[in-house]
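Have a look at query.txt; it's compact mmCIF, C-alpha atoms:
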# COMPACT_ATOMS: atom_id res chain seq x y z
CA MET D 1 -16.69 1.54 -23.03
CA SER D 2 -16.14 -0.96 -20.21
CA ARG D 3 -16.07 0.16 -16.60
CA ARG D 4 -15.10 -1.85 -13.55
CA LEU D 5 -14.36 -1.38 -9.88
CA VAL D 6 -11.52 -3.06 -8.02
CA ASN D 7 -10.44 -2.95 -4.39
CA LEU D 8 -7.47 -0.87 -3.34
CA THR D 9 -4.53 -3.19 -2.60
CA LEU D 10 -0.77 -2.74 -2.40
CA ASP D 11 -0.70 -3.64 -6.12
CA THR D 12 -3.47 -1.32 -7.30
CA LEU D 13 -2.10 1.47 -5.09
CA GLU D 14 0.39 2.04 -7.90
CA ASP D 15 -2.49 3.10 -10.17
CA LEU D 16 -3.34 6.15 -8.07
CA PRO D 17 -2.28 9.48 -9.61
CA ARG D 18 1.30 10.13 -8.50
CA PRO D 19 0.49 13.11 -6.25
CA CYS D 20 -2.15 11.00 -4.47
CA ARG D 21 0.19 8.02 -4.26
CA GLN D 22 2.67 10.22 -2.36
CA CYS D 23 0.09 12.03 -0.20
CA VAL D 24 -0.30 11.19 3.50
CA TYR D 25 -2.61 14.07 4.39
CA TRP D 26 -5.27 11.72 5.80
CA GLU D 27 -3.13 8.81 6.91
CA LEU D 28 -0.95 10.72 9.41
CA ASP D 29 -1.58 13.45 11.93
CA PRO D 30 -0.59 16.94 10.73
CA VAL D 31 2.80 16.97 12.50
CA SER D 32 3.79 13.47 11.34
CA ALA D 33 2.62 14.20 7.80
CA GLU D 34 4.75 17.33 7.63
CA ARG D 35 7.74 15.43 8.98
CA ALA D 36 7.27 12.59 6.47
CA CYS D 37 7.09 15.01 3.57
CA ALA D 38 10.12 16.98 4.75
CA SER D 39 12.54 14.19 5.64
CA GLY D 40 11.04 10.83 4.78
CA ASP D 41 9.32 8.98 1.98
CA PRO D 42 5.57 9.70 2.12
CA GLY D 43 4.95 6.99 -0.48
CA LEU D 44 6.29 4.36 1.92
CA GLU D 45 4.20 5.83 4.74
CA LYS D 46 1.09 5.56 2.62
CA GLU D 47 1.91 1.99 1.64
CA ALA D 48 2.39 1.09 5.31
CA TRP D 49 -0.97 2.65 6.20
CA VAL D 50 -2.80 0.76 3.45
CA SER D 51 -1.11 -2.49 4.47
CA GLN D 52 -1.99 -2.10 8.15
CA THR D 53 -5.59 -1.07 7.43
CA LEU D 54 -6.12 -3.98 5.05
CA LEU D 55 -4.80 -6.44 7.62
CA GLU D 56 -6.69 -5.06 10.61
CA TRP D 57 -9.93 -3.77 9.11
CA GLY D 58 -10.22 -4.85 5.49
CA SER D 59 -10.88 -3.09 2.20
CA CYS D 60 -10.22 0.65 2.46
CA GLY D 61 -10.50 1.91 -1.11
CA LYS D 62 -11.95 1.42 -4.57
CA LEU D 63 -10.51 2.21 -7.98
CA ALA D 64 -12.52 2.69 -11.16
CA TYR D 65 -11.11 1.68 -14.53
CA VAL D 66 -12.49 2.73 -17.91
CA ASP D 67 -11.32 0.56 -20.79
CA GLY D 68 -8.47 -0.61 -18.57
CA MET D 69 -7.31 2.91 -17.68
CA PRO D 70 -7.35 4.12 -14.03
CA ALA D 71 -10.09 6.76 -14.00
CA GLY D 72 -10.79 7.53 -10.34
CA PHE D 73 -10.61 6.29 -6.78
CA VAL D 74 -12.00 6.69 -3.27
CA MET D 75 -10.47 5.84 0.09
CA TYR D 76 -12.36 5.13 3.31
CA ALA D 77 -11.79 3.77 6.81
CA PRO D 78 -13.08 4.04 10.37
CA PRO D 79 -12.13 7.45 11.80
CA ALA D 80 -9.87 5.74 14.36
CA TYR D 81 -7.58 4.86 11.43
CA VAL D 82 -7.56 8.42 10.10
CA PRO D 83 -5.62 10.78 12.41
CA ARG D 84 -6.43 13.82 10.31
CA SER D 85 -10.15 13.32 10.92
CA MET D 86 -9.84 14.93 14.36
CA ALA D 87 -8.25 18.09 12.96
CA PHE D 88 -11.44 19.46 11.38
CA PRO D 89 -13.68 22.05 13.04
CA THR D 90 -16.70 19.81 12.33
CA SER D 91 -15.17 16.69 13.94
CA PRO D 92 -15.79 14.06 15.15
CA VAL D 93 -17.25 11.59 12.68
CA SER D 94 -20.35 9.81 14.04
CA ALA D 95 -19.72 6.53 15.87
CA ASP D 96 -21.85 4.50 13.41
CA ALA D 97 -20.11 5.80 10.27
CA ALA D 98 -16.98 5.13 8.26
CA LEU D 99 -15.09 8.13 6.90
CA LEU D 100 -14.83 8.66 3.15
CA MET D 101 -11.43 10.31 3.24
CA THR D 102 -11.01 11.44 -0.34
CA ALA D 103 -12.40 11.00 -3.82
CA HIS D 104 -10.78 11.81 -7.13
CA ILE D 105 -11.91 11.45 -10.74
CA VAL D 106 -9.35 11.90 -13.51
CA ALA D 107 -10.34 15.02 -15.46
CA ALA D 108 -10.67 13.15 -18.76
CA PHE D 109 -13.38 10.93 -17.23
CA ALA D 110 -15.26 13.55 -15.21
CA GLY D 111 -19.02 13.84 -15.64
CA GLY D 112 -19.56 10.20 -16.58
CA GLY D 113 -21.08 8.95 -13.33
CA LEU D 114 -17.89 7.38 -11.98
CA GLY D 115 -18.25 9.22 -8.68
CA ARG D 116 -21.61 7.65 -7.98
CA MET D 117 -20.32 4.27 -9.16
CA LEU D 118 -17.45 4.47 -6.68
CA VAL D 119 -19.68 5.55 -3.79
CA GLN D 120 -22.10 2.71 -4.56
CA GLY D 121 -19.18 0.29 -4.42
CA VAL D 122 -18.20 1.64 -1.01
CA ALA D 123 -21.81 1.42 0.18
CA ARG D 124 -22.12 -2.23 -0.83
CA ASP D 125 -18.85 -3.10 0.88
CA LEU D 126 -19.65 -1.29 4.14
CA THR D 127 -23.21 -2.60 4.34
CA LYS D 128 -21.87 -6.17 4.31
CA ARG D 129 -19.64 -5.18 7.23
CA GLY D 130 -22.48 -3.77 9.32
CA VAL D 131 -21.65 -0.06 8.89
CA LYS D 132 -24.71 2.22 8.89
CA ALA D 133 -23.46 5.33 7.10
CA ILE D 134 -20.61 7.09 5.33
CA GLU D 135 -19.50 10.53 6.46
CA ALA D 136 -17.06 12.95 4.84
CA PHE D 137 -15.55 16.37 5.28
CA GLY D 138 -16.13 18.49 2.19
CA ASP D 139 -14.26 21.56 1.01
CA ALA D 140 -16.67 24.42 0.31
CA LYS D 141 -13.85 26.50 -1.22
CA PHE D 142 -12.25 23.76 -3.31
CA GLY D 143 -9.81 25.11 -5.86
CA GLU D 144 -9.81 28.69 -4.64
CA ALA D 145 -6.42 30.38 -4.62
CA GLY D 146 -4.80 31.02 -1.28
CA GLU D 147 -6.99 28.62 0.64
CA GLY D 148 -4.28 26.35 2.03
CA ASP D 149 -1.93 23.62 0.88
CA GLU D 150 -4.51 20.88 1.43
CA VAL D 151 -6.41 21.84 -1.71
CA GLY D 152 -7.20 18.62 -3.53
CA CYS D 153 -6.90 16.37 -0.47
CA VAL D 154 -10.39 17.24 0.73
CA ALA D 155 -12.97 16.64 -2.00
CA PRO D 156 -15.38 19.45 -2.93
CA VAL D 157 -18.71 19.70 -1.12
CA ASP D 158 -20.49 19.72 -4.47
CA PHE D 159 -19.19 16.24 -5.25
CA PHE D 160 -20.63 14.77 -2.07
CA LEU D 161 -23.96 16.53 -2.54
CA SER D 162 -24.16 15.25 -6.12
CA VAL D 163 -23.88 11.62 -4.99
CA GLY D 164 -26.49 11.84 -2.24
CA PHE D 165 -24.72 13.11 0.88
CA LYS D 166 -26.51 15.54 3.19
CA THR D 167 -24.89 18.17 5.40
CA VAL D 168 -25.07 17.20 9.08
CA ARG D 169 -22.79 19.88 10.51
CA PRO D 170 -22.46 23.09 8.51
CA HIS D 171 -19.24 25.10 8.30
CA PRO D 172 -18.15 27.88 5.89
CA ARG D 173 -15.14 25.83 4.76
CA TYR D 174 -15.34 22.22 6.00
CA PRO D 175 -18.90 21.00 6.54
CA ARG D 176 -19.39 17.38 7.58
CA LEU D 177 -21.71 15.39 5.32
CA ARG D 178 -23.43 12.03 5.70
CA LEU D 179 -24.89 9.35 3.46
CA GLU D 180 -27.13 6.69 4.98
CA LEU D 181 -26.17 3.41 3.35
CA ARG D 182 -29.77 2.32 2.86
CA THR D 183 -30.20 5.45 0.72
CA ALA D 184 -27.15 4.68 -1.39
CA LEU D 185 -28.23 1.10 -2.00
CA SER D 186 -31.76 2.19 -2.95
CA TRP D 187 -30.36 3.71 -6.17
CA LYS D 188 -29.81 0.23 -7.51
CA SER D 189 -33.13 -1.00 -6.14
CA ASP D 190 -34.97 1.80 -7.95
CA VAL D 191 -33.37 0.82 -11.26
CA GLU D 192 -34.17 -2.86 -10.72
CA TYR D 193 -37.78 -2.05 -9.83
CA ALA D 194 -38.19 0.02 -13.00
CA LEU D 195 -36.72 -2.81 -15.06
CA GLU D 196 -39.09 -5.33 -13.46
CA LYS D 197 -42.05 -3.10 -14.32
CA LEU D 198 -40.85 -2.81 -17.90
CA LEU D 199 -40.35 -6.56 -18.28
CA GLY D 200 -43.66 -7.23 -16.53
CA SER D 201 -45.48 -5.16 -19.12
CA MET D 202 -44.13 -7.28 -21.96
CA SER D 203 -45.82 -10.47 -23.06
CA PRO D 204 -44.06 -13.83 -22.65
CA GLU D 205 -44.05 -14.15 -26.43
CA THR D 206 -42.12 -10.90 -26.73
CA LEU D 207 -39.65 -11.89 -24.02
CA LEU D 208 -38.98 -15.32 -25.52
CA ARG D 209 -38.94 -14.30 -29.17
CA PRO D 210 -35.62 -15.26 -30.78
CA VAL D 211 -33.38 -12.38 -31.69
CA ARG D 212 -32.48 -12.21 -35.35
CA PRO D 213 -28.69 -12.24 -35.96
CA ALA D 214 -28.91 -8.84 -37.65
CA ALA D 215 -30.29 -7.34 -34.44
CA ALA D 216 -27.54 -8.74 -32.27
CA THR D 217 -25.46 -5.57 -32.21
CA THR D 218 -22.62 -5.41 -29.75
CA SER D 219 -23.28 -3.33 -26.71
CA THR D 220 -21.00 -2.91 -23.73
CA PRO D 221 -22.27 -1.62 -20.40
CA GLY D 222 -21.57 2.04 -20.00

Write the structure described by the file as structure tokens, please.
Amino acid sequence: MSRRLVNLTLDTLEDLPRPCRQCVYWELDPVSAERACASGDPGLEKEAWVSQTLLEWGSCGKLAYVDGMPAGFVMYAPPAYVPRSMAFPTSPVSADAALLMTAHIVAAFAGGGLGRMLVQGVARDLTKRGVKAIEAFGDAKFGEAGEGDEVGCVAPVDFFLSVGFKTVRPHPRYPRLRLELRTALSWKSDVEYALEKLLGSMSPETLLRPVRPAAATTSTPG
């Protein structure tokens, strides 16, 4: 199967799952978000937020596609662009970090490494822009009944831990977690180093030996 990452734009915003496309949990403060949902069009509010953030700050999300199908996404921005970030008991986000607001993998594609792929894409983007770390608020009670209407807007703690985040401020419900970008980028470096060692152990004759047509099986990155 083929997998690719693309930046979140006003065009690719349409590929978010519909509930996420209409959600302004992170983009507005709690009062404004409630007002938008009750009497306005939250989809337009979200589109306006993405447009403003793209113009003023730059890329603020990544989408993953598997065989052309939208399979997951992440959104991120400086905490100053995310009013909801100040509403958590473990606020504020560190001054040297961008906030990973939310992450979502479509159930049919869960468990295939897309979460790590998305976080790596964010890490590469933010490193080029001089950001030192990514922080996030995780939900330690994700999916539990009766735990509030924001279920699903805050990604589970286990997701962040599985892709390399460490807890920097504990909390029974909403711990704040952090990923140093040099750590995230070292994943790729480790793979490249292992590949170099493997290739270095092979003789030039082996490396340059022509491949027989029968051995040229098709293989797509997975």

>> Here is a test: counting only C-alpha atoms, which residue of D:Pro92, D:Gly138, D:Gly164, D:Gly152 is nearest to Gly115 of chain D?
In response: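 That would be D:Gly164, the residue with the smallest distance to Gly115 of chain D.
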
> Can you tell me, as a PyMOL selection string, what residues are no more than 6 Å from segment 94-97 of chain D when counting all atoms listed in the file, ignoring any on the same chain fewer than 2 positions away?
Replying inline: chain D and resi 132-134

> With only C-alpha atoms as the basis for distance, which of D:Pro172, D:Pro83, D:Pro19, D:Pro30 is at the shortest distance from Trp49 of chain D?
Replying inline: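 Going through D:Pro172, D:Pro83, D:Pro19, D:Pro30 one by one, the smallest distance to Trp49 of chain D is for D:Pro83.
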
> By how many Å are atom CA of Val106 of chain D and atom CA of Pro17 of chain D apart?
Replying inline: 8.4 Å

>> Set the distance at 10 Å and use only C-alpha atoms: which residues neighbour Leu100 of chain D once local chain neighbours fewer than 2 positions away are removed? I'd like the list as number ranges by chain.
In response: D: 60-61, 74-79, 97-98, 102-103, 119, 122, 134-138, 154-155, 160, 177-178

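Minimum distance to Phe73 of chain D across D:Leu179, D:Ala140, D:Leu118, D:Ala36 (counting only C-alpha atoms) occurs at D:Leu118.
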
> Between atom CA of Thr9 of chain D and atom CA of Ala87 of chain D, what is the distance, to one decimal in Å?
Replying inline: 26.6 Å

> Between D:Ser51, D:Ser39, D:Thr167, D:Ser162, which is the closest to Arg116 of chain D once you count all atoms listed in the file?
Replying inline: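 Going through D:Ser51, D:Ser39, D:Thr167, D:Ser162 one by one, the smallest distance to Arg116 of chain D is for D:Ser162.
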
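Atom pair atom CA of Pro70 of chain D / atom CA of Glu56 of chain D has a distance of 26.3 Å (rounded to one decimal).
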